[in-house]
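So the structure is just underneath, and the comments pick up after that.
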2 protein chains.
Amino acid sequence: MDYREYQEYREYFEKLIETKELKELKEVLEEINVVDLAEIIEDMEDKTMLMVFRLIPKLQGSEVFSYMETYNQLRIINSITDLELKGIIDELDFDDRIDIIDEMPANVVTKVLAQSTPEERKLINEFLRYPEDSAGSMMTIEYVRLKPEMTVQDAMEYIKKTGMDKETIYTCYVENEYKMLLGFVSLRTIVVSDADLFIRDIMEEDVMFVTTTDDRELVAEQFMKYGYIALPVVDLEHRLCGIITFDDIMDVVEEEATEDFHKMAAINPSDDEYLSQTPWQLAKNRIPWLLILMVSATLTSGIIDNFSYIISQYLILTMFIPMITDTGGNTGSQSSTIIIRAMATGEVTLSDVFRVMFKEMGVGLIVGLVLALVNFGRMMIFTDAGLVISGLVSFTVLITVVLSKLLGAALPMLAKRVHIDPAIMASALITTIIDSLVLVIYFLLAGWLLPLGGA
Amino acid sequence: MDYREYQEYREYFEKLIETKELKELKEVLEEINVVDLAEIIEDMEDKTMLMVFRLIPKLQGSEVFSYMETYNQLRIINSITDLELKGIIDELDFDDRIDIIDEMPANVVTKVLAQSTPEERKLINEFLRYPEDSAGSMMTIEYVRLKPEMTVQDAMEYIKKTGMDKETIYTCYVENEYKMLLGFVSLRTIVVSDADLFIRDIMEEDVMFVTTTDDRELVAEQFMKYGYIALPVVDLEHRLCGIITFDDIMDVVEEEATEDFHKMAAINPSDDEYLSQTPWQLAKNRIPWLLILMVSATLTSGIIDNFSYIISQYLILTMFIPMITDTGGNTGSQSSTIIIRAMATGEVTLSDVFRVMFKEMGVGLIVGLVLALVNFGRMMIFTDAGLVISGLVSFTVLITVVLSKLLGAALPMLAKRVHIDPAIMASALITTIIDSLVLVIYFLLAGWLLPLGGA
């Protein structure tokens, strides 16, 4: 569905409510995909939203609820009875329940916990202790546990009985009596195997796993690399604690990329959605780096000031400052972006540093020569700068490009080497460093090439 | 496995080959995950690589082959016999076979096609006709097709018999006699349903699908939104042509993000990996935008030239040019990055344009005031610029920030509106536009505020 279709449904629902055709509304609600339904009702007014939400069948209602933004979940929680809340919470998948509790204000959390049994409360509290963005905080406990001594037929019957409540039944995990992870077996293997075989004989013992404290970025890397539907999460004693499924990982891959985009644009990343943040919150994440960059850019003022005896005699030199610094910034950020991204996807590692520097040196020479030649031609034909100034500016462009390529590639790798996030070393910071360097080179060359009167 | 572990395996294998302990090598090979095995042998020399590859059991060997880089696949193809090649190709999943043929040089394609039956050749040629990056070019034909009149038991028996050759058996598709897509049924539903129910009674008829010509970006959006394991691909007559599974989509999500990173850094995106490209190829993708940006940056030269009568009297003004233009570029690219990314993930749509502009106006005022005040304080305390010049520069900073925020947000949305890729409107291009604007404002303000002698 696209935005227009959502809008049409919204209006259709409002019409049905107005004309009190609730039976028809109920029927339509049952047919719509829960993801779409969440999007449709999120933009409704409180009263209409609540009315529609209450008409959704209970099981489906919990699902719709889990797909809504935190802000809209709160709108619903604040208007329904405690009994209704219990109904929703009970039907939620365990990992969704944790996510919701994690993001709600304290008074709502109390309300939710009050609706849970003591055992559930204990479990929820345990989950809330896992570090943010860790495998433990993402996992679900609703998976299929098999015993090695079960036969294929036992396993099938067990899955048949309990399968509907599990997050996935397509990968089943085999535990011993101490809950230690012994192996896994895919439903595919179970389905195609003879009924009287033992699980211990068909299970795969070489099982990839992550630990509860592993960062979600590492978890996502494992999924991307091996293409699994689910991965088991174990604690330090190798006891199986939960599983993570591929659908949660898709969001992580996208969110991690967004985080890198923001960091590379000198923005402190935030977990909140753009449209739900106030200008104050947005400004707070953008000001720190801008201040750092602005203040460090005053280095360039000092450099220009230092060479003012040259500028005062050759005012024409100032004309080309923005062009030279922009070209440096652009070429540098090409290299830094490529290297930062290649390191993020695992394509380039620190052991490739010499291959990378060698390649960027080559690219810098080629690109630099092309840009310098075009610039020289342009200046000779379209300006009256003359041979010496045109040559000076073009030669500066060549050096700028080579230097920017090398620095743009080297700085992110250096950052990674000393365990700083390479994304911080992106265009903005590199631009500031390169600006200062190329201005010094520009004026040094000028002082050397141009005849100067007494300063 | 990390790089060090791969290296250890590589050395271990070489030792086993040297000491001719091939039986032990064979045993170790069988235990290693195919993804890891591909990475281990890729960095070996031709001879060792081929030797190890030939020791891998046939079925596993095809899988290892499918995980290797094109460049290394070619190294193998060029050293093995036609019969061996046929063995590998026969065992490959259909979509992997298409991918490989798609990327091989013509002489190898002929070799591969010669090893296929006439029907296979026809099918391969059909697949090669789908546009690049379309759903058709990504799909596989190895899926489970059920008939509506089958019972659950029939279906289970059919899956048991054919399931091992399918890409996935977890979502099965129901077709009528004309191959039209009627619905789908998950293996979970089949497993928990009574054996004598008909597929037509348990299948889900409201099925999401994509068409063969849909772009992979759209396909990825559907997967991200609904969290499916697989999506069916139909042609214009709604006949089922193939399916796409989630594991292929994870790569797409990552590749699309990489493409946007590159575009936003003014690089023409390429499908090839960084390390496998020559400096010439890399330079070719970077030069076009750098040239465009460099030539358009000469606009700033014209502007500075135009206001040279002011500069000649207030040389100090040149000192702050890089700081002002850098700040404009940085603030603008913050906004453009946020908006481009939010549109890519679907969080912000064109219908949000007024909310976005309003928000960025607020952010711009807050950020602008903070930066302007800090700059004013810094200039008054640490420089001898004086009240008027400090005020002029700081006020220019304020205007620059507000303008950059508004342009940074507006230009990508405008681009999207006229169906240009918003990523093109990223930092580099916006920097050039903003540079010119703020220089004009800076000098106009200067001419208005500062007492000027006769020009």
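Each chain of the structure tokens is named A, B, ... in the order shown, its residues numbered from 1; ligands are numbered from 1 in display order.
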May I have the residues of chain A within 6 Å of chain B, counting only C-alpha atoms, written as a list in words?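 On the chain A side, the interface is Lys160, Val191, Val192, Gly227, Asp247, Ala265, Pro279, Ala283, Ala297, Ser301, Ile304, Met319, Phe320, Met323, Gln334, Lys359, Gly362, Val363 and Val367 of chain A.
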Apply DSSP to the structure's backbone, then extract all residues of stretch 222-336 of chain A labelled strand (DSSP E) and return them as a ChimeraX atom specification. /A:230-234,240-245
Neighbour list for stretch 92-99 of chain B as a list in words, cut-off 8 Å, only C-alpha atoms, skip fewer than 6 positions in-chain: Ser62, Glu63, Ser66, Ile124, Phe127, Leu128, Ser137, Met138, Met139, Thr140, Ile141, Glu142 and Glu167 of chain B
Write out as a list in words which residues come within 9 Å of stretch 412-418 of chain B when counting only C-alpha atoms, dropping same-chain ones fewer than 2 positions away. Ser336, Ile339, Ile340, Met343, Thr349, Leu350, Val353, Leu407, Gly408, Ala409, Ala410, Ile420, Asp421, Pro422, Ala423, Ile424, Met425 and Ala426 of chain B
Next, write the just-selected residues to a file, as a compact mmCIF listing (two decimals), in the first residue's frame, keeping C-alpha atoms as the atom set.
```
# COMPACT_ATOMS: atom_id res chain seq x y z
CA SER B 336 20.33 16.63 3.03
CA ILE B 339 16.21 13.71 4.41
CA ILE B 340 17.74 11.55 1.67
CA MET B 343 13.15 9.04 2.09
CA THR B 349 7.52 10.91 2.00
CA LEU B 350 6.88 13.83 -0.30
CA VAL B 353 7.34 18.41 2.76
CA LEU B 407 18.13 24.13 0.92
CA GLY B 408 19.62 20.90 2.26
CA ALA B 409 16.14 19.59 3.02
CA ALA B 410 14.30 21.09 0.05
CA ILE B 420 15.65 12.53 -10.08
CA ASP B 421 17.52 10.34 -7.58
CA PRO B 422 17.62 12.43 -4.36
CA ALA B 423 21.05 11.01 -3.48
CA ILE B 424 22.52 13.07 -6.33
CA MET B 425 21.45 16.19 -4.41
CA ALA B 426 23.73 15.33 -1.52
```
Backbone-only DSSP, helix (DSSP H, G or I) members of stretch 201-430 of chain A, as a PyMOL selection string: chain A and resi 201-202+216-226+246-264+274-276+279-306+308-311+315-344+350-382+386-417+422-425+427-430
